[in-house]
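So this one's run-v9.txt, compact mmCIF, C-alpha atoms and all ligand atoms:
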# COMPACT_ATOMS: atom_id res chain seq x y z
CA MET I 1 60.43 13.75 121.56
CA TRP I 2 63.34 16.08 120.89
CA SER I 3 62.91 17.94 124.16
CA SER I 4 62.69 14.72 126.16
CA LEU I 5 65.89 13.51 124.51
CA VAL I 6 67.59 16.74 125.48
CA ALA I 7 66.28 16.38 129.02
CA LEU I 8 67.54 12.80 129.18
CA ARG I 9 70.99 13.85 128.01
CA ARG I 10 71.07 16.55 130.71
CA LEU I 11 70.10 13.99 133.35
CA GLN I 12 72.76 11.59 132.13
CA ARG I 13 75.31 14.37 132.32
CA ILE I 14 74.29 15.26 135.84
CA ALA I 15 74.35 11.59 136.85
CA VAL I 16 77.76 10.84 135.39
CA ALA I 17 79.54 14.13 135.45
CA PRO I 18 80.07 14.64 139.19
CA LEU I 19 83.66 14.41 140.33
CA ASN I 20 85.07 11.20 138.97
CA ILE I 21 87.32 10.20 141.83
CA THR I 22 89.70 7.31 141.27
CA GLY I 23 90.52 5.49 144.47
CA GLY I 24 89.13 3.34 147.26
CA LEU I 25 87.93 3.91 150.78
CA THR I 26 90.82 3.08 153.06
CA GLY I 27 92.58 5.74 155.07
CA SER I 28 95.76 5.47 153.07
CA VAL I 29 93.88 5.85 149.80
CA HIS I 30 92.18 8.94 151.19
CA ARG I 31 95.58 10.43 151.98
CA GLU I 32 96.74 9.53 148.48
CA MET I 33 93.61 11.05 146.99
CA SER I 34 94.23 14.31 148.74
CA THR I 35 97.54 14.60 146.87
CA MET I 36 95.90 13.80 143.57
CA LYS I 37 95.87 16.56 141.01
CA ARG I 38 92.52 18.00 140.02
CA VAL I 39 91.74 18.00 136.34
CA TYR I 40 88.84 19.14 134.18
CA VAL I 41 88.16 17.46 130.84
CA THR I 42 85.97 19.48 128.49
CA ARG I 43 84.49 16.54 126.56
CA GLN I 44 83.69 12.88 126.78
CA ILE I 45 86.92 11.86 125.06
CA PRO I 46 87.40 8.56 123.16
CA PRO I 47 87.80 5.47 125.40
CA ASP I 48 91.56 4.98 125.13
CA GLY I 49 92.31 8.41 126.59
CA LEU I 50 89.65 8.10 129.24
CA LYS I 51 91.07 4.75 130.35
CA ILE I 52 94.54 6.26 130.73
CA LEU I 53 93.18 9.01 132.98
CA ARG I 54 91.01 6.61 134.99
CA GLU I 55 93.78 4.09 135.56
CA SER I 56 96.55 6.58 136.23
CA GLY I 57 95.77 6.90 139.92
CA GLN I 58 97.32 10.32 139.52
CA VAL I 59 94.36 12.60 138.93
CA GLN I 60 90.82 13.12 140.06
CA PHE I 61 88.97 14.41 137.09
CA GLU I 62 85.60 15.76 136.22
CA LEU I 63 84.41 15.85 132.66
CA TRP I 64 81.70 17.38 130.53
CA ASN I 65 80.01 14.11 129.85
CA SER I 66 78.88 14.65 126.31
CA ASP I 67 80.30 14.54 122.84
CA ASP I 68 77.22 16.07 121.25
CA ASP I 69 77.62 19.57 122.52
CA THR I 70 80.32 21.72 124.04
CA VAL I 71 80.46 22.70 127.68
CA PRO I 72 78.76 26.10 128.01
CA ARG I 73 81.31 28.84 128.60
CA LYS I 74 79.72 29.84 131.92
CA GLU I 75 79.94 26.29 133.21
CA LEU I 76 83.51 25.93 131.96
CA LEU I 77 84.55 29.08 133.82
CA GLN I 78 83.08 27.57 136.99
CA LYS I 79 84.52 24.11 136.52
CA VAL I 80 88.11 25.21 135.92
CA LYS I 81 88.34 27.04 139.25
CA GLY I 82 91.35 25.71 141.12
CA VAL I 83 92.21 22.86 138.75
CA ASP I 84 95.82 21.75 138.25
CA GLY I 85 95.27 20.53 134.71
CA LEU I 86 92.87 21.06 131.86
CA LEU I 87 92.26 18.77 128.89
CA CYS I 88 90.43 20.64 126.16
CA MET I 89 89.32 20.36 122.54
CA LEU I 90 89.72 22.82 119.67
CA THR I 91 86.21 24.05 120.48
CA GLU I 92 87.26 25.79 123.71
CA LYS I 93 88.74 29.24 123.64
CA ILE I 94 91.57 29.29 126.14
CA ASP I 95 92.09 32.96 126.84
CA ALA I 96 92.97 35.29 129.70
CA GLU I 97 89.42 35.19 131.08
CA LEU I 98 89.49 31.40 131.34
CA LEU I 99 93.00 31.30 132.78
CA ASP I 100 92.04 33.92 135.36
CA ALA I 101 89.00 31.82 136.27
CA ALA I 102 91.22 28.75 136.67
CA GLY I 103 93.66 30.55 138.91
CA PRO I 104 97.28 29.89 139.84
CA ASN I 105 96.99 26.12 140.39
CA LEU I 106 96.67 25.53 136.66
CA LYS I 107 100.04 24.25 135.47
CA VAL I 108 99.22 22.07 132.46
CA LEU I 109 96.94 22.45 129.47
CA SER I 110 96.54 19.56 127.07
CA THR I 111 94.60 20.04 123.86
CA MET I 112 93.30 17.06 121.89
CA SER I 113 94.20 18.68 118.57
CA VAL I 114 97.14 19.41 116.36
CA GLY I 115 95.90 22.98 115.81
CA PHE I 116 96.36 25.49 118.60
CA ASP I 117 94.79 28.67 117.25
CA HIS I 118 92.16 28.38 120.02
CA LEU I 119 94.86 28.93 122.65
CA ASN I 120 96.24 32.29 123.70
CA LEU I 121 99.86 31.19 123.85
CA GLU I 122 101.08 34.52 125.16
CA GLU I 123 98.78 34.32 128.18
CA LEU I 124 99.74 30.69 128.78
CA LYS I 125 103.42 31.52 128.63
CA LYS I 126 103.01 34.51 130.93
CA ARG I 127 101.47 32.23 133.53
CA GLY I 128 104.07 29.47 133.11
CA ILE I 129 101.45 26.95 131.96
CA ARG I 130 102.84 24.07 129.90
CA VAL I 131 100.93 23.09 126.78
CA GLY I 132 100.58 19.66 125.16
CA TYR I 133 99.04 18.98 121.74
CA THR I 134 98.59 15.99 119.42
CA PRO I 135 100.54 16.21 116.15
CA GLU I 136 101.70 13.23 114.04
CA VAL I 137 99.09 10.72 115.23
CA LEU I 138 96.56 12.32 112.90
CA THR I 139 98.77 12.83 109.85
CA ASP I 140 97.62 9.71 107.99
CA SER I 141 93.98 10.29 108.66
CA VAL I 142 94.08 13.97 107.61
CA ALA I 143 96.09 13.21 104.47
CA GLU I 144 93.69 10.41 103.51
CA LEU I 145 90.66 12.65 103.95
CA THR I 146 92.32 15.46 102.02
CA VAL I 147 92.84 13.15 99.05
CA ALA I 148 89.23 11.96 99.33
CA LEU I 149 87.97 15.54 99.39
CA LEU I 150 90.19 16.53 96.48
CA LEU I 151 88.91 13.69 94.31
CA THR I 152 85.32 14.26 95.40
CA THR I 153 85.59 17.90 94.39
CA SER I 154 87.59 17.53 91.18
CA ARG I 155 85.55 14.58 89.87
CA ARG I 156 82.26 16.16 91.02
CA LEU I 157 81.16 13.12 92.99
CA VAL I 158 78.53 14.86 95.11
CA GLU I 159 76.85 16.27 92.01
CA ALA I 160 77.11 12.90 90.29
CA THR I 161 75.46 10.87 93.07
CA HIS I 162 72.77 13.53 93.36
CA GLU I 163 72.03 13.31 89.62
CA ALA I 164 71.96 9.51 89.72
CA LYS I 165 69.50 9.51 92.60
CA THR I 166 67.19 12.25 91.40
CA GLY I 167 66.56 11.36 87.77
CA GLY I 168 69.16 13.60 86.14
CA TRP I 169 70.88 10.53 84.70
CA GLY I 170 69.79 10.46 81.06
CA THR I 171 71.76 8.95 78.25
CA TRP I 172 75.55 8.74 78.46
CA ARG I 173 76.77 12.19 77.46
CA THR I 174 80.17 13.26 76.19
CA LEU I 175 80.82 16.21 78.48
CA TRP I 176 78.31 15.69 81.27
CA LEU I 177 79.81 15.90 84.78
CA CYS I 178 83.33 16.17 83.43
CA GLY I 179 85.90 17.19 85.98
CA HIS I 180 89.65 17.61 86.23
CA GLU I 181 92.14 14.79 86.67
CA LEU I 182 95.32 14.54 88.67
CA ALA I 183 97.37 12.89 85.93
CA ASN I 184 99.85 15.39 84.46
CA SER I 185 98.78 18.08 86.91
CA THR I 186 100.71 20.45 89.14
CA VAL I 187 99.79 20.17 92.80
CA GLY I 188 100.57 23.11 95.06
CA ILE I 189 100.89 22.90 98.83
CA LEU I 190 100.48 26.00 100.94
CA GLY I 191 102.46 25.34 104.12
CA LEU I 192 104.66 22.26 103.86
CA GLY I 193 104.75 20.16 106.99
CA ARG I 194 104.14 16.52 107.85
CA ILE I 195 100.58 16.66 106.55
CA GLY I 196 101.53 18.29 103.24
CA VAL I 197 104.18 15.63 102.67
CA ALA I 198 101.71 12.85 103.51
CA ILE I 199 99.19 14.29 101.04
CA ALA I 200 101.81 14.47 98.29
CA GLU I 201 102.92 10.89 98.98
CA ARG I 202 99.37 9.73 98.47
CA LEU I 203 98.81 11.82 95.35
CA ALA I 204 102.06 10.86 93.58
CA PRO I 205 100.72 7.48 92.35
CA PHE I 206 97.96 9.39 90.52
CA LYS I 207 100.73 10.49 88.10
CA VAL I 208 101.00 14.08 89.28
CA LYS I 209 103.54 15.86 87.08
CA LYS I 210 104.94 18.25 89.62
CA PHE I 211 104.64 19.21 93.28
CA ILE I 212 105.30 22.81 94.28
CA TYR I 213 104.99 24.46 97.67
CA THR I 214 105.42 27.70 99.50
CA ASP I 215 106.11 28.44 103.13
CA VAL I 216 107.84 31.16 105.15
CA GLU I 217 111.09 29.63 103.94
CA PRO I 218 112.18 26.59 101.91
CA ARG I 219 111.99 23.27 103.74
CA PRO I 220 114.45 21.21 101.70
CA GLU I 221 114.45 18.12 103.91
CA LEU I 222 110.71 17.68 103.77
CA ALA I 223 110.49 18.78 100.14
CA SER I 224 113.13 16.37 98.89
CA SER I 225 111.13 13.36 100.07
CA ILE I 226 108.33 14.32 97.65
CA ASN I 227 110.45 16.06 95.03
CA ALA I 228 108.67 19.36 95.56
CA GLU I 229 109.92 22.69 94.28
CA TYR I 230 109.85 25.81 96.44
CA VAL I 231 108.04 28.70 94.71
CA SER I 232 106.72 32.12 95.69
CA PHE I 233 103.14 32.56 96.87
CA ASP I 234 102.29 34.13 93.49
CA GLU I 235 103.78 31.25 91.53
CA LEU I 236 101.92 28.79 93.71
CA ALA I 237 98.67 30.53 92.76
CA LYS I 238 99.56 30.72 89.07
CA GLN I 239 100.90 27.22 88.52
CA SER I 240 98.69 25.00 90.71
CA ASP I 241 95.98 22.87 89.14
CA PHE I 242 95.21 21.68 92.65
CA LEU I 243 96.02 23.80 95.66
CA ALA I 244 95.99 22.16 99.09
CA VAL I 245 96.09 24.45 102.11
CA CYS I 246 98.04 22.86 104.95
CA CYS I 247 99.29 25.85 106.95
CA ALA I 248 98.41 26.63 110.55
CA LEU I 249 96.13 29.58 111.30
CA THR I 250 98.25 32.40 112.70
CA PRO I 251 97.95 36.20 112.50
CA GLU I 252 100.18 35.95 109.39
CA THR I 253 98.03 33.37 107.60
CA LYS I 254 94.62 34.78 108.54
CA GLU I 255 92.62 35.10 105.28
CA ILE I 256 95.78 34.60 103.25
CA CYS I 257 93.56 32.87 100.67
CA ASN I 258 91.66 35.87 99.40
CA LYS I 259 90.72 37.55 96.13
CA ASP I 260 94.35 38.35 95.49
CA LEU I 261 95.21 34.63 95.47
CA PHE I 262 92.04 33.47 93.68
CA SER I 263 92.46 36.08 90.92
CA LYS I 264 95.86 34.58 90.07
CA MET I 265 94.67 30.98 90.02
CA LYS I 266 93.82 28.99 86.90
CA SER I 267 90.17 28.65 85.90
CA ASN I 268 90.55 24.85 86.09
CA ALA I 269 92.06 25.01 89.58
CA ILE I 270 90.66 23.10 92.54
CA PHE I 271 91.14 24.65 95.98
CA ILE I 272 91.25 22.33 99.01
CA ASN I 273 91.35 23.37 102.65
CA THR I 274 91.72 20.91 105.52
CA SER I 275 93.62 23.23 107.87
CA ARG I 276 91.52 26.03 109.39
CA GLY I 277 88.65 28.05 107.95
CA GLY I 278 90.26 31.28 109.11
CA VAL I 279 92.97 31.11 106.44
CA VAL I 280 90.30 31.75 103.80
CA ASN I 281 88.29 34.85 103.07
CA GLN I 282 84.98 33.09 102.41
CA GLU I 283 83.33 36.01 100.59
CA ASP I 284 86.23 36.10 98.16
CA LEU I 285 86.07 32.34 97.75
CA TYR I 286 82.35 32.53 97.02
CA GLU I 287 83.05 35.15 94.38
CA ALA I 288 85.84 33.10 92.78
CA LEU I 289 83.66 29.97 92.68
CA SER I 290 80.48 31.61 91.48
CA THR I 291 82.18 33.56 88.69
CA GLY I 292 84.21 30.60 87.44
CA GLN I 293 87.52 32.20 88.42
CA ILE I 294 88.42 28.78 89.85
CA ALA I 295 86.75 25.44 89.12
CA GLY I 296 85.94 24.13 92.56
CA ALA I 297 86.65 24.07 96.26
CA GLY I 298 86.62 21.34 98.89
CA LEU I 299 86.48 22.59 102.45
CA ASP I 300 86.69 20.55 105.64
CA VAL I 301 86.93 23.70 107.74
CA THR I 302 84.97 26.95 107.71
CA VAL I 303 84.22 30.06 109.71
CA PRO I 304 82.12 29.63 111.72
CA GLU I 305 81.80 25.95 112.54
CA PRO I 306 79.23 24.66 112.07
CA LEU I 307 78.68 26.75 108.93
CA PRO I 308 75.04 27.91 108.97
CA THR I 309 72.99 25.85 106.51
CA ASP I 310 71.85 29.02 104.75
CA HIS I 311 75.42 30.11 104.04
CA PRO I 312 75.92 31.12 100.36
CA LEU I 313 78.76 28.60 99.94
CA PHE I 314 76.20 25.80 100.40
CA THR I 315 74.33 27.01 97.31
CA LEU I 316 77.28 26.32 95.01
CA LYS I 317 77.52 23.02 93.15
CA ASN I 318 81.27 23.42 92.80
CA CYS I 319 81.85 23.70 96.55
CA VAL I 320 82.02 20.54 98.66
CA ILE I 321 81.79 21.20 102.38
CA LEU I 322 82.57 18.66 105.09
CA PRO I 323 81.95 19.16 108.83
CA HIS I 324 85.59 19.23 110.05
CA VAL I 325 86.18 15.48 109.91
CA ALA I 326 89.74 15.21 108.59
CA SER I 327 91.07 13.34 111.63
CA ALA I 328 87.83 11.44 112.23
CA SER I 329 88.83 7.79 112.15
CA TYR I 330 88.34 5.61 115.23
CA SER I 331 92.02 4.76 115.51
CA THR I 332 93.21 8.34 115.08
CA ARG I 333 90.73 9.87 117.51
CA ASN I 334 91.66 7.22 120.08
CA ALA I 335 95.35 7.91 119.49
CA MET I 336 94.72 11.65 119.90
CA SER I 337 92.86 11.08 123.17
CA SER I 338 95.66 8.83 124.48
CA MET I 339 98.31 11.37 123.58
CA ALA I 340 96.31 14.19 125.15
CA ALA I 341 95.82 12.17 128.35
CA ASN I 342 99.50 11.19 128.52
CA ASN I 343 100.65 14.74 127.82
CA LEU I 344 98.50 15.93 130.68
CA LEU I 345 99.73 13.28 133.14
CA LEU I 346 103.39 13.76 132.21
CA GLY I 347 103.06 17.53 132.46
CA LEU I 348 101.47 17.24 135.91
CA LYS I 349 104.41 15.07 137.02
CA GLY I 350 106.80 17.74 135.79
CA LYS I 351 108.15 15.42 133.08
CA PRO I 352 108.59 16.13 129.35
CA MET I 353 105.36 15.57 127.46
CA ILE I 354 105.14 13.36 124.37
CA LYS I 355 104.35 16.45 122.31
CA GLU I 356 104.72 19.83 123.94
CA LEU I 357 104.52 23.28 122.41
CA LYS I 358 107.59 25.41 122.93
CA LEU I 359 106.21 28.67 124.29
O1 LIG R 401 91.57 20.15 113.27
C1 LIG R 401 91.95 19.28 113.97
C2 LIG R 401 93.04 19.42 114.89
O2 LIG R 401 93.58 20.52 115.06
O3 LIG R 401 93.40 18.41 115.50

Please express the file's structure as structure tokens.
Amino acid sequence: MWSSLVALRRLQRIAVAPLNITGGLTGSVHREMSTMKRVYVTRQIPPDGLKILRESGQVQFELWNSDDDTVPRKELLQKVKGVDGLLCMLTEKIDAELLDAAGPNLKVLSTMSVGFDHLNLEELKKRGIRVGYTPEVLTDSVAELTVALLLTTSRRLVEATHEAKTGGWGTWRTLWLCGHELANSTVGILGLGRIGVAIAERLAPFKVKKFIYTDVEPRPELASSINAEYVSFDELAKQSDFLAVCCALTPETKEICNKDLFSKMKSNAIFINTSRGGVVNQEDLYEALSTGQIAGAGLDVTVPEPLPTDHPLFTLKNCVILPHVASASYSTRNAMSSMAANNLLLGLKGKPMIKELKL
């Protein structure tokens, strides 16, 4: 059954994937088509973005016609040969090898993500390739999910539903499944940007006592909107009852959440990460959670993704793990696909993109 499903998917891909040429059959359209830019899209993107590409009349594009698996690297290296534009996801590593395979025609890369740690920016810059990404449209969705994950973790909701379903629910007990509440708490934000602010705005009505944050430098304009105090990294660790990681993954932030941080945190602290798994040293986190150094962790992102089901973090009751779904609402994913498509088209026309990375 499984293998025939896989075979069917392959057939569908072969049937639908071949060059998706927009245009008719008249001579003039053929001439127009020959000036069309060639684009490869690494995923079956949500309908709004796909419609924009289809109706643009500006590009002929081929796509990896699946959302269930990623395009195999070997196939990607083949497909990008000679393209003018590439629309990718956070699952594709865009490095020198891939850019070499694409060749000199490639002028625009558009990623359907706010994160860009999968892109080798130096190599892109060296080759003069412009890069679009999709910030802002996902802020609400990510902030909402972060709050959901924080409450799920701090109020032990996964444990609680499991107990209710599996017979662990005995009489009402005074301390059973007690967690930690937001009221009167200090919430720390590691890396204050739009998403950190949006999280704080949503948490404030829960009667949080104080917001603190750290970043490479104070960000007074953003911080003033949520009344947040700038503190050192150490103070963030020491004071936070809830610590939300919102920073981008860069060489500077790689595994910045490690035993040094966890050892300074409160034993009642809840650690939440909806940015990138790479900012956390997972062995150190396991240690901190299993020894009670901190109370709990909610992770939407891990290394690797997917996290193998036999990973030690899955054995811990005080660790809630989600499969990287922070921006996963229909409206947000459609908005991301539209922005990615428009960034690509604008870039190919030599115009400013809606959101472009300064390289
Ligand atoms: O993680 C999601 C994104 O970078 O958009």

Each residue of region 96-211 of chain I with at least one atom at most 9 Å from region 318-324 of chain I should appear once, together with its nearest atom pair and the corresponding distance in Å (one decimal); atoms considered: only C-alpha atoms; ordering: chain, then increasing residue number; output as a Markdown table.
| residue | atom | partner | partner_atom | distance |
| --- | --- | --- | --- | --- |
| I:Leu149 | CA | I:Val320 | CA | 7.8 |
| I:Thr152 | CA | I:Val320 | CA | 7.8 |
| I:Thr153 | CA | I:Val320 | CA | 6.2 |
| I:Ser154 | CA | I:Asn318 | CA | 8.8 |
| I:Arg156 | CA | I:Asn318 | CA | 7.5 |
| I:Val158 | CA | I:Val320 | CA | 7.6 |
| I:Glu159 | CA | I:Asn318 | CA | 8.4 |

Kindly compile the residues surrounding ligand LIG 401 (chain R) within 8 Å, counting all atoms listed in the file, and format them as a PyMOL selection string.
-> chain I and resi 90+112-116+134-135+138+274-276+324-327

Can you pull out every residue within 12 Å of Val216 (chain I), counting all atoms listed in the file, but drop anything in the same chain fewer than 4 positions away, and send it as a ChimeraX atom specification?
-> /I:190-193,230-233,247-248,252-253

So that I have them on file, write out the residues from the current selection with C-alpha atoms, as a JSON list (two decimals), in the coordinates of the input.
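Below is the file out03.json, written as the result:
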[["chain", "number", "residue", "atom", "x", "y", "z"],
["I", 190, "LEU", "CA", 100.48, 26.00, 100.94],
["I", 191, "GLY", "CA", 102.46, 25.34, 104.12],
["I", 192, "LEU", "CA", 104.66, 22.26, 103.86],
["I", 193, "GLY", "CA", 104.75, 20.16, 106.99],
["I", 230, "TYR", "CA", 109.85, 25.81, 96.44],
["I", 231, "VAL", "CA", 108.04, 28.70, 94.71],
["I", 232, "SER", "CA", 106.72, 32.12, 95.69],
["I", 233, "PHE", "CA", 103.14, 32.56, 96.87],
["I", 247, "CYS", "CA", 99.29, 25.85, 106.95],
["I", 248, "ALA", "CA", 98.41, 26.63, 110.55],
["I", 252, "GLU", "CA", 100.18, 35.95, 109.39],
["I", 253, "THR", "CA", 98.03, 33.37, 107.60]]

Have a look at CA of Gly49 (chain I) and CA of Arg202 (chain I) and let me know their distance in Å, one decimal.
->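 Straight-line distance from CA of Gly49 (chain I) to CA of Arg202 (chain I) works out to 29.0 Å.
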
Residue nearest Leu157 (chain I) - candidates I:Gly298, I:Tyr330, I:Arg194, I:Thr186, atoms counted: only C-alpha atoms | I:Gly298

Spatial neighbours of Leu261 (chain I), max dist 9 Å, all atoms listed in the file, sep filter under 4 positions, as a ChimeraX atom specification = /I:233-234,237-238,256-257,265

Would you mind listing what lies within 9 Å of region 336-346 of chain I as an NGL selection string, with only C-alpha atoms counted and same-chain residues fewer than 3 positions away left out?
-> :I and (45-53 or 56 or 58-59 or 85-88 or 108-114 or 131-135 or 137-138 or 331-333 or 349-356)

Find the distance between CA of Ala183 (chain I) and CA of Phe206 (chain I) and write it in Å to one decimal.
->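 Going from CA of Ala183 (chain I) over to CA of Phe206 (chain I), I get 5.8 Å.
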
So how far away is CA of Val142 (chain I) from CA of Thr91 (chain I), in Å?
->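 Straight-line distance from CA of Thr91 (chain I) to CA of Val142 (chain I) works out to 18.1 Å.
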
Smallest atom-to-atom distance to Ile129 (chain I): which of I:Asp84, I:Glu92, I:Glu201, I:Glu144, using all atoms listed in the file?
->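 Ranked by minimum distance to Ile129 (chain I), first place goes to I:Asp84.
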
Around the point (78.2, 22.7, 111.9), in the coordinates given by the file, pick out the residues reaching within 12 Å, counting all atoms listed in the file, and return them as a PyMOL selection string.
-> chain I and resi 68-69+91+300-311+321-325

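Closest approach to Phe242 (chain I) among I:Ile294, I:Ala228, I:Val187, I:Val197 is made by I:Val187 (distances from only C-alpha atoms).
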
For Arg155 (chain I), which residue out of I:Ile270, I:Glu62, I:Pro205, I:Tyr286 is the nearest one, using all atoms listed in the file?
-> I:Ile270

Extending 3 Å beyond the listed atoms of region 41-47 of chain I on each side, what axis-aligned box results? I want centre and edge lengths in Å to one decimal, as AutoDock Vina command-line options.
--center_x 85.9 --center_y 12.5 --center_z 127.0 --size_x 10.5 --size_y 20.0 --size_z 13.7

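Shortest separation to Val208 (chain I) among I:Ala297, I:Leu222, I:Leu182, I:Ala101 occurs at residue I:Leu182, atoms counted being all atoms listed in the file.
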
Counting all atoms listed in the file, closest pick from I:Thr139, I:Ser66, I:Asn258, I:Thr171 relative to Glu283 (chain I) is I:Asn258
